[in-house]
Amino acid sequence: MKTESTTVYRASILHFLDDPDKAGEQAYEFFEDGALVVEDGKVIKTGPFTDIQKDLPEHVEMVDYSGHLIMPGMIDTHIHFPQVEVIASYGEQLLDWLNNYTFPAERQFEDKEYASRIANLFLDELVKCGTTTALVFGTVHKQSVDAFFEASEQRNTRMICGKVMMNRNAPEFLCDDVESSYNDSKELIERWHGNGRQLYAVTPRFAITSTPEQLEKAGQLLEEHPDVYMQTHISENKDEVAFVQELFPESKDYLDVYDQYNLLGKRSVFAHGIHLTPREHERFRDTGSSVSFCPTSNLFLGSGLLDIAELEKEQVAYSVATDVGGGTSFSMLQTLNEAYKVCQLRGNKLSALKSLYLATLGNARTLQLDDKIGSFNAGNEADFIVMDFNSTPLMALKQSKCKTLAEKLFAMIILGDDRTVKSTYVAGQKLHSRDGSK
Ligand code: GUN
Ligand code: ZN
């Protein structure tokens, strides 16, 4: 082991190897007094501190976070960076919310400087909340995506982003056309996909705002670049579903619109999916496409209660996401808190271990990134967070009454937010610390 750049972090350590619903106790490793060994931005190993200590060279740097919990950085599979300022907009459901609040806000991203300012603010907010990777919508303007990737590159965060493709049913100032959407997306793929830690997602906004010709171009981009992602929205709101059926009368259902243009696959992420039919579930399963569950958004916009127990039963892959600015928090802890309540209203349970699995390894798996992030497997990129169980007096009181790990983690999810994240490390570098220390 090289000595110069090896750092050992001592703390309680939790990470997942599998889905707790499938593998039970074997699904995770928890070391009460553990250590995480990091070298050159990569995970070397993790284990009990006493074991790790035995074969360390003399001059490693030791960082002592005893009493805290180290976990892999969290992953958000659906969020809009230009919608930071749209958060908390009063009184509308999806289609009016888009027209009244979202589209006017996104217009400003024509200005690259404005886009850069918001991209930096957005990434700071994510990192502060312990999120180190996200699948992100830009706006229709290609410069918004350049601004985003430039800000991400500066931080060395692993981010996936794409230029929105939209050419109808939206204000003229926010529409591209079939050719420019294809050309701009292609140019961005060539510039950013696989450039450092940045990855690209072909991004048709949703079936309502793209003509069949534009969706065909989105399919062509995926065919020409088979390792890029595809992100869009589906079956979020009942009026939206009815409008799609009007626009595409020949389609069997909403998913079939995307299917006809070859937009399904294991790198395809569909936000919401609340009102899907059994046929659509089957198609999701057969193509390995995934649903992104956005509980704070679904509650805030009154969209509905996703039934994740049904997705489990139908073997549809799903992840968890914030969907800011329809969503109301950047914090994945707050998002899991609301996910728990949505499950309660559906008569289902969502355990703390399953929740934290989803926010880390589960989300990494739906993004096909579990060989790089989401757990502390040797060789993974060292994106990790240090959590403080006593981050507020209320949390400290509650934690003092908790007996099991499951109880402690559950209280951390329900009461936690950005204050719970003491530090965030990206590729082995400390990017955020609540006390401002370097
Ligand atoms: N459907 C199409 N565009 C959007 C968006 O920006 N946010 C949400 N929540 N749903 C959408
Ligand atoms: Zn969205």
# chains A, B, ... in the order shown; residues from 1 in each chain; ligands from 1
call {"tool": "residues_around", "arguments": {"residues": "range 317-324 of chain A", "least_positions_apart": "6", "cutoff": "8 Å", "atoms": "only C-alpha atoms", "output": "PyMOL selection string"}}
result
chain A and resi 75-81+83-84+87+284-285+288-297+311+330-332+335-336+358-359+362-363+366
call {"tool": "select_by_dssp", "arguments": {"residues": "range 154-248 of chain A", "states": "alpha helix (DSSP H)", "output": "PDB file with N, CA, C and O atoms, in the first residue's frame"}}
result
ATOM      1  N   GLN A 154     -15.710  21.163 -12.076  1.00  0.00           N
ATOM      2  CA  GLN A 154     -14.906  21.861 -11.052  1.00  0.00           C
ATOM      3  C   GLN A 154     -14.902  21.121  -9.724  1.00  0.00           C
ATOM      4  O   GLN A 154     -13.935  21.158  -8.975  1.00  0.00           O
ATOM      5  N   ARG A 155     -16.014  20.481  -9.413  1.00  0.00           N
ATOM      6  CA  ARG A 155     -16.134  19.756  -8.131  1.00  0.00           C
ATOM      7  C   ARG A 155     -15.743  18.290  -8.255  1.00  0.00           C
ATOM      8  O   ARG A 155     -15.697  17.580  -7.268  1.00  0.00           O
ATOM      9  N   VAL A 178     -36.817  19.952 -34.540  1.00  0.00           N
ATOM     10  CA  VAL A 178     -36.357  18.567 -34.666  1.00  0.00           C
ATOM     11  C   VAL A 178     -34.850  18.518 -34.931  1.00  0.00           C
ATOM     12  O   VAL A 178     -34.114  17.796 -34.259  1.00  0.00           O
ATOM     13  N   GLU A 179     -34.398  19.309 -35.888  1.00  0.00           N
ATOM     14  CA  GLU A 179     -32.972  19.270 -36.258  1.00  0.00           C
ATOM     15  C   GLU A 179     -32.066  19.829 -35.175  1.00  0.00           C
ATOM     16  O   GLU A 179     -31.056  19.225 -34.826  1.00  0.00           O
ATOM     17  N   SER A 180     -32.449  21.018 -34.641  1.00  0.00           N
ATOM     18  CA  SER A 180     -31.549  21.638 -33.649  1.00  0.00           C
ATOM     19  C   SER A 180     -31.497  20.794 -32.375  1.00  0.00           C
ATOM     20  O   SER A 180     -30.445  20.694 -31.734  1.00  0.00           O
ATOM     21  N   SER A 181     -32.599  20.154 -32.013  1.00  0.00           N
ATOM     22  CA  SER A 181     -32.564  19.340 -30.783  1.00  0.00           C
ATOM     23  C   SER A 181     -31.621  18.154 -30.976  1.00  0.00           C
ATOM     24  O   SER A 181     -30.879  17.784 -30.061  1.00  0.00           O
ATOM     25  N   TYR A 182     -31.631  17.596 -32.172  1.00  0.00           N
ATOM     26  CA  TYR A 182     -30.726  16.477 -32.470  1.00  0.00           C
ATOM     27  C   TYR A 182     -29.274  16.971 -32.498  1.00  0.00           C
ATOM     28  O   TYR A 182     -28.397  16.400 -31.833  1.00  0.00           O
ATOM     29  N   ASN A 183     -29.035  18.051 -33.232  1.00  0.00           N
ATOM     30  CA  ASN A 183     -27.651  18.539 -33.382  1.00  0.00           C
ATOM     31  C   ASN A 183     -27.059  19.003 -32.053  1.00  0.00           C
ATOM     32  O   ASN A 183     -25.909  18.680 -31.736  1.00  0.00           O
ATOM     33  N   ASP A 184     -27.846  19.754 -31.275  1.00  0.00           N
ATOM     34  CA  ASP A 184     -27.338  20.247 -29.983  1.00  0.00           C
ATOM     35  C   ASP A 184     -27.052  19.086 -29.036  1.00  0.00           C
ATOM     36  O   ASP A 184     -26.042  19.081 -28.324  1.00  0.00           O
ATOM     37  N   SER A 185     -27.967  18.111 -29.002  1.00  0.00           N
ATOM     38  CA  SER A 185     -27.755  16.958 -28.103  1.00  0.00           C
ATOM     39  C   SER A 185     -26.497  16.204 -28.510  1.00  0.00           C
ATOM     40  O   SER A 185     -25.677  15.819 -27.665  1.00  0.00           O
ATOM     41  N   LYS A 186     -26.331  16.015 -29.806  1.00  0.00           N
ATOM     42  CA  LYS A 186     -25.170  15.268 -30.304  1.00  0.00           C
ATOM     43  C   LYS A 186     -23.857  15.981 -29.947  1.00  0.00           C
ATOM     44  O   LYS A 186     -22.895  15.364 -29.482  1.00  0.00           O
ATOM     45  N   GLU A 187     -23.886  17.289 -30.139  1.00  0.00           N
ATOM     46  CA  GLU A 187     -22.694  18.078 -29.810  1.00  0.00           C
ATOM     47  C   GLU A 187     -22.358  17.945 -28.308  1.00  0.00           C
ATOM     48  O   GLU A 187     -21.194  17.782 -27.933  1.00  0.00           O
ATOM     49  N   LEU A 188     -23.387  18.002 -27.473  1.00  0.00           N
ATOM     50  CA  LEU A 188     -23.166  17.884 -26.024  1.00  0.00           C
ATOM     51  C   LEU A 188     -22.679  16.485 -25.640  1.00  0.00           C
ATOM     52  O   LEU A 188     -21.823  16.340 -24.764  1.00  0.00           O
ATOM     53  N   ILE A 189     -23.219  15.464 -26.299  1.00  0.00           N
ATOM     54  CA  ILE A 189     -22.759  14.084 -26.020  1.00  0.00           C
ATOM     55  C   ILE A 189     -21.270  13.993 -26.333  1.00  0.00           C
ATOM     56  O   ILE A 189     -20.482  13.466 -25.531  1.00  0.00           O
ATOM     57  N   GLU A 190     -20.907  14.527 -27.486  1.00  0.00           N
ATOM     58  CA  GLU A 190     -19.493  14.428 -27.882  1.00  0.00           C
ATOM     59  C   GLU A 190     -18.582  15.200 -26.929  1.00  0.00           C
ATOM     60  O   GLU A 190     -17.467  14.799 -26.637  1.00  0.00           O
ATOM     61  N   ARG A 191     -19.088  16.329 -26.429  1.00  0.00           N
ATOM     62  CA  ARG A 191     -18.258  17.155 -25.549  1.00  0.00           C
ATOM     63  C   ARG A 191     -18.177  16.584 -24.123  1.00  0.00           C
ATOM     64  O   ARG A 191     -17.151  16.677 -23.479  1.00  0.00           O
ATOM     65  N   TRP A 192     -19.279  15.995 -23.644  1.00  0.00           N
ATOM     66  CA  TRP A 192     -19.342  15.712 -22.206  1.00  0.00           C
ATOM     67  C   TRP A 192     -19.455  14.248 -21.812  1.00  0.00           C
ATOM     68  O   TRP A 192     -19.052  13.873 -20.709  1.00  0.00           O
ATOM     69  N   PRO A 212     -43.838  13.497 -32.868  1.00  0.00           N
ATOM     70  CA  PRO A 212     -43.307  12.166 -33.194  1.00  0.00           C
ATOM     71  C   PRO A 212     -41.939  12.260 -33.864  1.00  0.00           C
ATOM     72  O   PRO A 212     -41.040  11.464 -33.562  1.00  0.00           O
ATOM     73  N   GLU A 213     -41.739  13.261 -34.711  1.00  0.00           N
ATOM     74  CA  GLU A 213     -40.453  13.397 -35.414  1.00  0.00           C
ATOM     75  C   GLU A 213     -39.311  13.657 -34.415  1.00  0.00           C
ATOM     76  O   GLU A 213     -38.198  13.166 -34.586  1.00  0.00           O
ATOM     77  N   GLN A 214     -39.604  14.443 -33.380  1.00  0.00           N
ATOM     78  CA  GLN A 214     -38.545  14.713 -32.393  1.00  0.00           C
ATOM     79  C   GLN A 214     -38.238  13.471 -31.549  1.00  0.00           C
ATOM     80  O   GLN A 214     -37.075  13.183 -31.260  1.00  0.00           O
ATOM     81  N   LEU A 215     -39.287  12.727 -31.187  1.00  0.00           N
ATOM     82  CA  LEU A 215     -39.056  11.499 -30.418  1.00  0.00           C
ATOM     83  C   LEU A 215     -38.238  10.497 -31.241  1.00  0.00           C
ATOM     84  O   LEU A 215     -37.395   9.776 -30.705  1.00  0.00           O
ATOM     85  N   GLU A 216     -38.492  10.503 -32.534  1.00  0.00           N
ATOM     86  CA  GLU A 216     -37.711   9.618 -33.414  1.00  0.00           C
ATOM     87  C   GLU A 216     -36.225   9.994 -33.372  1.00  0.00           C
ATOM     88  O   GLU A 216     -35.350   9.127 -33.347  1.00  0.00           O
ATOM     89  N   LYS A 217     -35.965  11.303 -33.354  1.00  0.00           N
ATOM     90  CA  LYS A 217     -34.566  11.772 -33.268  1.00  0.00           C
ATOM     91  C   LYS A 217     -33.922  11.386 -31.930  1.00  0.00           C
ATOM     92  O   LYS A 217     -32.730  11.061 -31.871  1.00  0.00           O
ATOM     93  N   ALA A 218     -34.728  11.432 -30.878  1.00  0.00           N
ATOM     94  CA  ALA A 218     -34.203  11.001 -29.565  1.00  0.00           C
ATOM     95  C   ALA A 218     -33.791   9.528 -29.657  1.00  0.00           C
ATOM     96  O   ALA A 218     -32.713   9.140 -29.174  1.00  0.00           O
ATOM     97  N   GLY A 219     -34.627   8.721 -30.287  1.00  0.00           N
ATOM     98  CA  GLY A 219     -34.302   7.302 -30.483  1.00  0.00           C
ATOM     99  C   GLY A 219     -33.046   7.122 -31.315  1.00  0.00           C
ATOM    100  O   GLY A 219     -32.204   6.250 -31.031  1.00  0.00           O
ATOM    101  N   GLN A 220     -32.906   7.965 -32.322  1.00  0.00           N
ATOM    102  CA  GLN A 220     -31.711   7.886 -33.182  1.00  0.00           C
ATOM    103  C   GLN A 220     -30.444   8.195 -32.378  1.00  0.00           C
ATOM    104  O   GLN A 220     -29.423   7.525 -32.529  1.00  0.00           O
ATOM    105  N   LEU A 221     -30.538   9.207 -31.495  1.00  0.00           N
ATOM    106  CA  LEU A 221     -29.369   9.549 -30.651  1.00  0.00           C
ATOM    107  C   LEU A 221     -28.961   8.359 -29.784  1.00  0.00           C
ATOM    108  O   LEU A 221     -27.776   8.074 -29.625  1.00  0.00           O
ATOM    109  N   LEU A 222     -29.954   7.657 -29.236  1.00  0.00           N
ATOM    110  CA  LEU A 222     -29.646   6.500 -28.384  1.00  0.00           C
ATOM    111  C   LEU A 222     -29.037   5.362 -29.201  1.00  0.00           C
ATOM    112  O   LEU A 222     -28.145   4.659 -28.730  1.00  0.00           O
ATOM    113  N   GLU A 223     -29.530   5.229 -30.412  1.00  0.00           N
ATOM    114  CA  GLU A 223     -28.981   4.165 -31.262  1.00  0.00           C
ATOM    115  C   GLU A 223     -27.524   4.480 -31.634  1.00  0.00           C
ATOM    116  O   GLU A 223     -26.668   3.587 -31.638  1.00  0.00           O
ATOM    117  N   GLU A 224     -27.273   5.760 -31.893  1.00  0.00           N
ATOM    118  CA  GLU A 224     -25.909   6.158 -32.280  1.00  0.00           C
ATOM    119  C   GLU A 224     -24.935   6.192 -31.090  1.00  0.00           C
ATOM    120  O   GLU A 224     -23.728   6.132 -31.279  1.00  0.00           O
ATOM    121  N   LYS A 238     -53.164  12.713 -13.988  1.00  0.00           N
ATOM    122  CA  LYS A 238     -54.220  12.125 -14.831  1.00  0.00           C
ATOM    123  C   LYS A 238     -54.557  12.987 -16.057  1.00  0.00           C
ATOM    124  O   LYS A 238     -54.825  12.452 -17.136  1.00  0.00           O
ATOM    125  N   ASP A 239     -54.548  14.323 -15.924  1.00  0.00           N
ATOM    126  CA  ASP A 239     -54.795  15.190 -17.088  1.00  0.00           C
ATOM    127  C   ASP A 239     -53.691  15.027 -18.132  1.00  0.00           C
ATOM    128  O   ASP A 239     -53.935  15.060 -19.340  1.00  0.00           O
ATOM    129  N   GLU A 240     -52.475  14.855 -17.643  1.00  0.00           N
ATOM    130  CA  GLU A 240     -51.325  14.634 -18.537  1.00  0.00           C
ATOM    131  C   GLU A 240     -51.524  13.330 -19.330  1.00  0.00           C
ATOM    132  O   GLU A 240     -51.352  13.300 -20.554  1.00  0.00           O
ATOM    133  N   VAL A 241     -51.919  12.272 -18.636  1.00  0.00           N
ATOM    134  CA  VAL A 241     -52.101  10.970 -19.296  1.00  0.00           C
ATOM    135  C   VAL A 241     -53.180  11.085 -20.382  1.00  0.00           C
ATOM    136  O   VAL A 241     -53.012  10.586 -21.504  1.00  0.00           O
ATOM    137  N   ALA A 242     -54.279  11.790 -20.072  1.00  0.00           N
ATOM    138  CA  ALA A 242     -55.379  11.946 -21.036  1.00  0.00           C
ATOM    139  C   ALA A 242     -54.916  12.742 -22.262  1.00  0.00           C
ATOM    140  O   ALA A 242     -55.272  12.419 -23.407  1.00  0.00           O
ATOM    141  N   PHE A 243     -54.097  13.769 -22.036  1.00  0.00           N
ATOM    142  CA  PHE A 243     -53.590  14.605 -23.134  1.00  0.00           C
ATOM    143  C   PHE A 243     -52.677  13.776 -24.051  1.00  0.00           C
ATOM    144  O   PHE A 243     -52.749  13.877 -25.281  1.00  0.00           O
ATOM    145  N   VAL A 244     -51.869  12.934 -23.458  1.00  0.00           N
ATOM    146  CA  VAL A 244     -50.979  12.079 -24.260  1.00  0.00           C
ATOM    147  C   VAL A 244     -51.806  11.130 -25.128  1.00  0.00           C
ATOM    148  O   VAL A 244     -51.514  10.932 -26.314  1.00  0.00           O
ATOM    149  N   GLN A 245     -52.862  10.599 -24.574  1.00  0.00           N
ATOM    150  CA  GLN A 245     -53.723   9.687 -25.334  1.00  0.00           C
ATOM    151  C   GLN A 245     -54.363  10.407 -26.528  1.00  0.00           C
ATOM    152  O   GLN A 245     -54.488   9.848 -27.605  1.00  0.00           O
ATOM    153  N   GLU A 246     -54.717  11.708 -26.320  1.00  0.00           N
ATOM    154  CA  GLU A 246     -55.274  12.530 -27.418  1.00  0.00           C
ATOM    155  C   GLU A 246     -54.235  12.788 -28.505  1.00  0.00           C
ATOM    156  O   GLU A 246     -54.539  12.765 -29.694  1.00  0.00           O
ATOM    157  N   LEU A 247     -52.997  13.064 -28.059  1.00  0.00           N
ATOM    158  CA  LEU A 247     -51.934  13.400 -29.025  1.00  0.00           C
ATOM    159  C   LEU A 247     -51.445  12.174 -29.798  1.00  0.00           C
ATOM    160  O   LEU A 247     -50.976  12.297 -30.928  1.00  0.00           O
TER     161      LEU A 247
END
call {"tool": "closest_residue", "arguments": {"among": "A:Leu276, A:Ala23, A:Val37, A:Val426", "to": "Leu306 in chain A", "atoms": "only C-alpha atoms"}}
result
A:Leu276
call {"tool": "select_by_dssp", "arguments": {"residues": "range 156-243 of chain A", "states": "strand (DSSP E or B)", "output": "PyMOL selection string"}}
result
chain A and resi 158-162+164-165+195+198-204+229-234
call {"tool": "write_last_selection", "arguments": {"atoms": "N, CA and C atoms", "output": "PDB file, in the first residue's frame"}}
result
ATOM      1  N   ARG A 158     -19.690  13.094  -9.933  1.00  0.00           N
ATOM      2  CA  ARG A 158     -20.201  12.260 -11.029  1.00  0.00           C
ATOM      3  C   ARG A 158     -21.656  12.632 -11.268  1.00  0.00           C
ATOM      4  N   MET A 159     -21.897  13.314 -12.395  1.00  0.00           N
ATOM      5  CA  MET A 159     -23.245  13.812 -12.687  1.00  0.00           C
ATOM      6  C   MET A 159     -23.667  13.372 -14.091  1.00  0.00           C
ATOM      7  N   ILE A 160     -24.986  13.213 -14.246  1.00  0.00           N
ATOM      8  CA  ILE A 160     -25.558  12.899 -15.553  1.00  0.00           C
ATOM      9  C   ILE A 160     -26.544  14.024 -15.874  1.00  0.00           C
ATOM     10  N   CYS A 161     -26.433  14.609 -17.062  1.00  0.00           N
ATOM     11  CA  CYS A 161     -27.326  15.731 -17.391  1.00  0.00           C
ATOM     12  C   CYS A 161     -27.644  15.704 -18.875  1.00  0.00           C
ATOM     13  N   GLY A 162     -28.718  16.367 -19.256  1.00  0.00           N
ATOM     14  CA  GLY A 162     -29.048  16.457 -20.671  1.00  0.00           C
ATOM     15  C   GLY A 162     -29.855  17.701 -21.001  1.00  0.00           C
ATOM     16  N   VAL A 164     -32.895  19.524 -22.579  1.00  0.00           N
ATOM     17  CA  VAL A 164     -34.291  19.162 -22.818  1.00  0.00           C
ATOM     18  C   VAL A 164     -34.616  19.308 -24.308  1.00  0.00           C
ATOM     19  N   MET A 165     -35.292  18.280 -24.846  1.00  0.00           N
ATOM     20  CA  MET A 165     -35.806  18.348 -26.214  1.00  0.00           C
ATOM     21  C   MET A 165     -37.302  18.645 -26.094  1.00  0.00           C
ATOM     22  N   ASN A 195     -16.495  12.454 -20.282  1.00  0.00           N
ATOM     23  CA  ASN A 195     -15.446  13.444 -20.052  1.00  0.00           C
ATOM     24  C   ASN A 195     -15.247  13.560 -18.531  1.00  0.00           C
ATOM     25  N   GLN A 198     -18.324  13.077 -16.003  1.00  0.00           N
ATOM     26  CA  GLN A 198     -19.616  13.547 -16.522  1.00  0.00           C
ATOM     27  C   GLN A 198     -20.212  12.547 -17.530  1.00  0.00           C
ATOM     28  N   LEU A 199     -21.543  12.414 -17.475  1.00  0.00           N
ATOM     29  CA  LEU A 199     -22.254  11.496 -18.373  1.00  0.00           C
ATOM     30  C   LEU A 199     -23.477  12.199 -18.947  1.00  0.00           C
ATOM     31  N   TYR A 200     -23.909  11.767 -20.121  1.00  0.00           N
ATOM     32  CA  TYR A 200     -25.003  12.470 -20.805  1.00  0.00           C
ATOM     33  C   TYR A 200     -26.301  11.655 -20.821  1.00  0.00           C
ATOM     34  N   ALA A 201     -27.421  12.365 -20.731  1.00  0.00           N
ATOM     35  CA  ALA A 201     -28.744  11.729 -20.877  1.00  0.00           C
ATOM     36  C   ALA A 201     -29.551  12.439 -21.963  1.00  0.00           C
ATOM     37  N   VAL A 202     -29.985  11.698 -22.978  1.00  0.00           N
ATOM     38  CA  VAL A 202     -30.932  12.224 -23.974  1.00  0.00           C
ATOM     39  C   VAL A 202     -32.231  12.518 -23.220  1.00  0.00           C
ATOM     40  N   THR A 203     -32.781  13.734 -23.414  1.00  0.00           N
ATOM     41  CA  THR A 203     -33.802  14.243 -22.489  1.00  0.00           C
ATOM     42  C   THR A 203     -35.050  14.825 -23.168  1.00  0.00           C
ATOM     43  N   PRO A 204     -35.885  14.001 -23.811  1.00  0.00           N
ATOM     44  CA  PRO A 204     -37.175  14.539 -24.269  1.00  0.00           C
ATOM     45  C   PRO A 204     -38.016  14.843 -23.025  1.00  0.00           C
ATOM     46  N   TYR A 229     -27.610   7.848 -21.438  1.00  0.00           N
ATOM     47  CA  TYR A 229     -28.863   7.608 -20.723  1.00  0.00           C
ATOM     48  C   TYR A 229     -30.035   8.224 -21.485  1.00  0.00           C
ATOM     49  N   MET A 230     -31.247   7.870 -21.050  1.00  0.00           N
ATOM     50  CA  MET A 230     -32.462   8.532 -21.527  1.00  0.00           C
ATOM     51  C   MET A 230     -33.268   8.869 -20.279  1.00  0.00           C
ATOM     52  N   GLN A 231     -33.706  10.116 -20.178  1.00  0.00           N
ATOM     53  CA  GLN A 231     -34.569  10.505 -19.050  1.00  0.00           C
ATOM     54  C   GLN A 231     -35.780  11.268 -19.572  1.00  0.00           C
ATOM     55  N   THR A 232     -36.933  10.985 -18.985  1.00  0.00           N
ATOM     56  CA  THR A 232     -38.150  11.712 -19.347  1.00  0.00           C
ATOM     57  C   THR A 232     -39.154  11.561 -18.202  1.00  0.00           C
ATOM     58  N   HIS A 233     -40.392  12.037 -18.429  1.00  0.00           N
ATOM     59  CA  HIS A 233     -41.466  11.890 -17.441  1.00  0.00           C
ATOM     60  C   HIS A 233     -42.537  10.961 -18.005  1.00  0.00           C
ATOM     61  N   ILE A 234     -43.268  10.297 -17.113  1.00  0.00           N
ATOM     62  CA  ILE A 234     -44.387   9.451 -17.557  1.00  0.00           C
ATOM     63  C   ILE A 234     -45.467   9.364 -16.474  1.00  0.00           C
TER      64      ILE A 234
END
call {"tool": "residues_around", "arguments": {"residues": "range 103-117 of chain A", "least_positions_apart": "3", "cutoff": "12 Å", "atoms": "only C-alpha atoms", "output": "JSON, numbers by chain"}}
result
{"A": [80, 81, 82, 83, 84, 85, 86, 87, 89, 94, 95, 96, 97, 98, 99, 100, 120, 121, 122, 123, 124, 137, 138, 139, 140, 141, 142, 143, 144, 145, 146, 147, 148, 149, 150, 151, 152, 154, 163, 164, 166, 169, 170, 171, 172, 173, 174, 175, 205, 209, 325]}
call {"tool": "atom_distance", "arguments": {"atom1": "CA of Gly265 in chain A", "atom2": "CA of His281 in chain A"}}
result
13.3 Å
call {"tool": "atom_distance", "arguments": {"atom1": "CA of Ala382 in chain A", "atom2": "CA of Lys266 in chain A"}}
result
24.7 Å
call {"tool": "closest_residue", "arguments": {"among": "A:Asp307, A:Glu381, A:Val43, A:His225", "to": "Lys341 in chain A", "atoms": "only C-alpha atoms"}}
result
A:Asp307
call {"tool": "residues_around", "arguments": {"residues": "range 402-410 of chain A", "least_positions_apart": "6", "cutoff": "8 Å", "atoms": "only C-alpha atoms", "output": "compact mmCIF listing (two decimals) with N, CA and C atoms, in the first residue's frame"}}
result
# COMPACT_ATOMS: atom_id res chain seq x y z
N SER A 351 -38.83 0.10 5.17
CA SER A 351 -37.91 0.08 6.31
C SER A 351 -36.76 1.05 6.10
N ALA A 352 -36.08 1.39 7.22
CA ALA A 352 -34.94 2.30 7.13
C ALA A 352 -33.83 1.69 6.29
N LEU A 353 -33.58 0.38 6.47
CA LEU A 353 -32.50 -0.25 5.70
C LEU A 353 -32.83 -0.24 4.22
N PHE A 389 -25.58 11.65 14.11
CA PHE A 389 -26.83 11.19 14.76
C PHE A 389 -27.37 12.21 15.76
call {"tool": "closest_residue", "arguments": {"among": "A:Gly47, A:Thr287, A:Tyr9, A:Asp21", "to": "Lys313 in chain A", "atoms": "only C-alpha atoms"}}
result
A:Asp21
call {"tool": "residues_around", "arguments": {"residues": "Tyr425 in chain A", "least_positions_apart": "5", "cutoff": "7 Å", "atoms": "only C-alpha atoms", "output": "list in words"}}
result
Asp383, Phe384, Ile385, Lys430 and Leu431 of chain A
call {"tool": "residues_around", "arguments": {"residues": "Ala378 in chain A", "least_positions_apart": "6", "cutoff": "8 Å", "atoms": "only C-alpha atoms", "output": "list of chain:residue names"}}
result
A:Lys42, A:Val43, A:Ile44, A:Lys45
call {"tool": "write_last_selection", "arguments": {"atoms": "N, CA, C and O atoms", "output": "PDB file, in the first residue's frame"}}
result
ATOM      1  N   LYS A  42     -10.063   6.594  -4.527  1.00  0.00           N
ATOM      2  CA  LYS A  42     -10.773   5.304  -4.631  1.00  0.00           C
ATOM      3  C   LYS A  42     -10.832   4.610  -3.271  1.00  0.00           C
ATOM      4  O   LYS A  42      -9.975   4.808  -2.418  1.00  0.00           O
ATOM      5  N   VAL A  43     -11.843   3.754  -3.119  1.00  0.00           N
ATOM      6  CA  VAL A  43     -11.958   2.941  -1.911  1.00  0.00           C
ATOM      7  C   VAL A  43     -10.967   1.790  -2.004  1.00  0.00           C
ATOM      8  O   VAL A  43     -10.940   1.070  -3.007  1.00  0.00           O
ATOM      9  N   ILE A  44     -10.134   1.648  -0.974  1.00  0.00           N
ATOM     10  CA  ILE A  44      -9.234   0.486  -0.912  1.00  0.00           C
ATOM     11  C   ILE A  44      -9.928  -0.655  -0.183  1.00  0.00           C
ATOM     12  O   ILE A  44      -9.997  -1.767  -0.656  1.00  0.00           O
ATOM     13  N   LYS A  45     -10.460  -0.351   1.004  1.00  0.00           N
ATOM     14  CA  LYS A  45     -11.227  -1.365   1.733  1.00  0.00           C
ATOM     15  C   LYS A  45     -11.987  -0.723   2.883  1.00  0.00           C
ATOM     16  O   LYS A  45     -11.746   0.426   3.270  1.00  0.00           O
TER      17      LYS A  45
END
call {"tool": "closest_residue", "arguments": {"among": "A:Ala134, A:Ala396, A:Ala35, A:Val8", "to": "Glu61 in chain A", "atoms": "only C-alpha atoms"}}
result
A:Val8
call {"tool": "closest_residue", "arguments": {"among": "A:Glu310, A:Asp18, A:Glu125, A:Asp253", "to": "Leu361 in chain A", "atoms": "only C-alpha atoms"}}
result
A:Asp18
call {"tool": "closest_residue", "arguments": {"among": "A:Phe16, A:Tyr65, A:Tyr90, A:Phe270", "to": "ligand 1", "atoms": "only C-alpha atoms and all ligand atoms"}}
result
A:Phe270
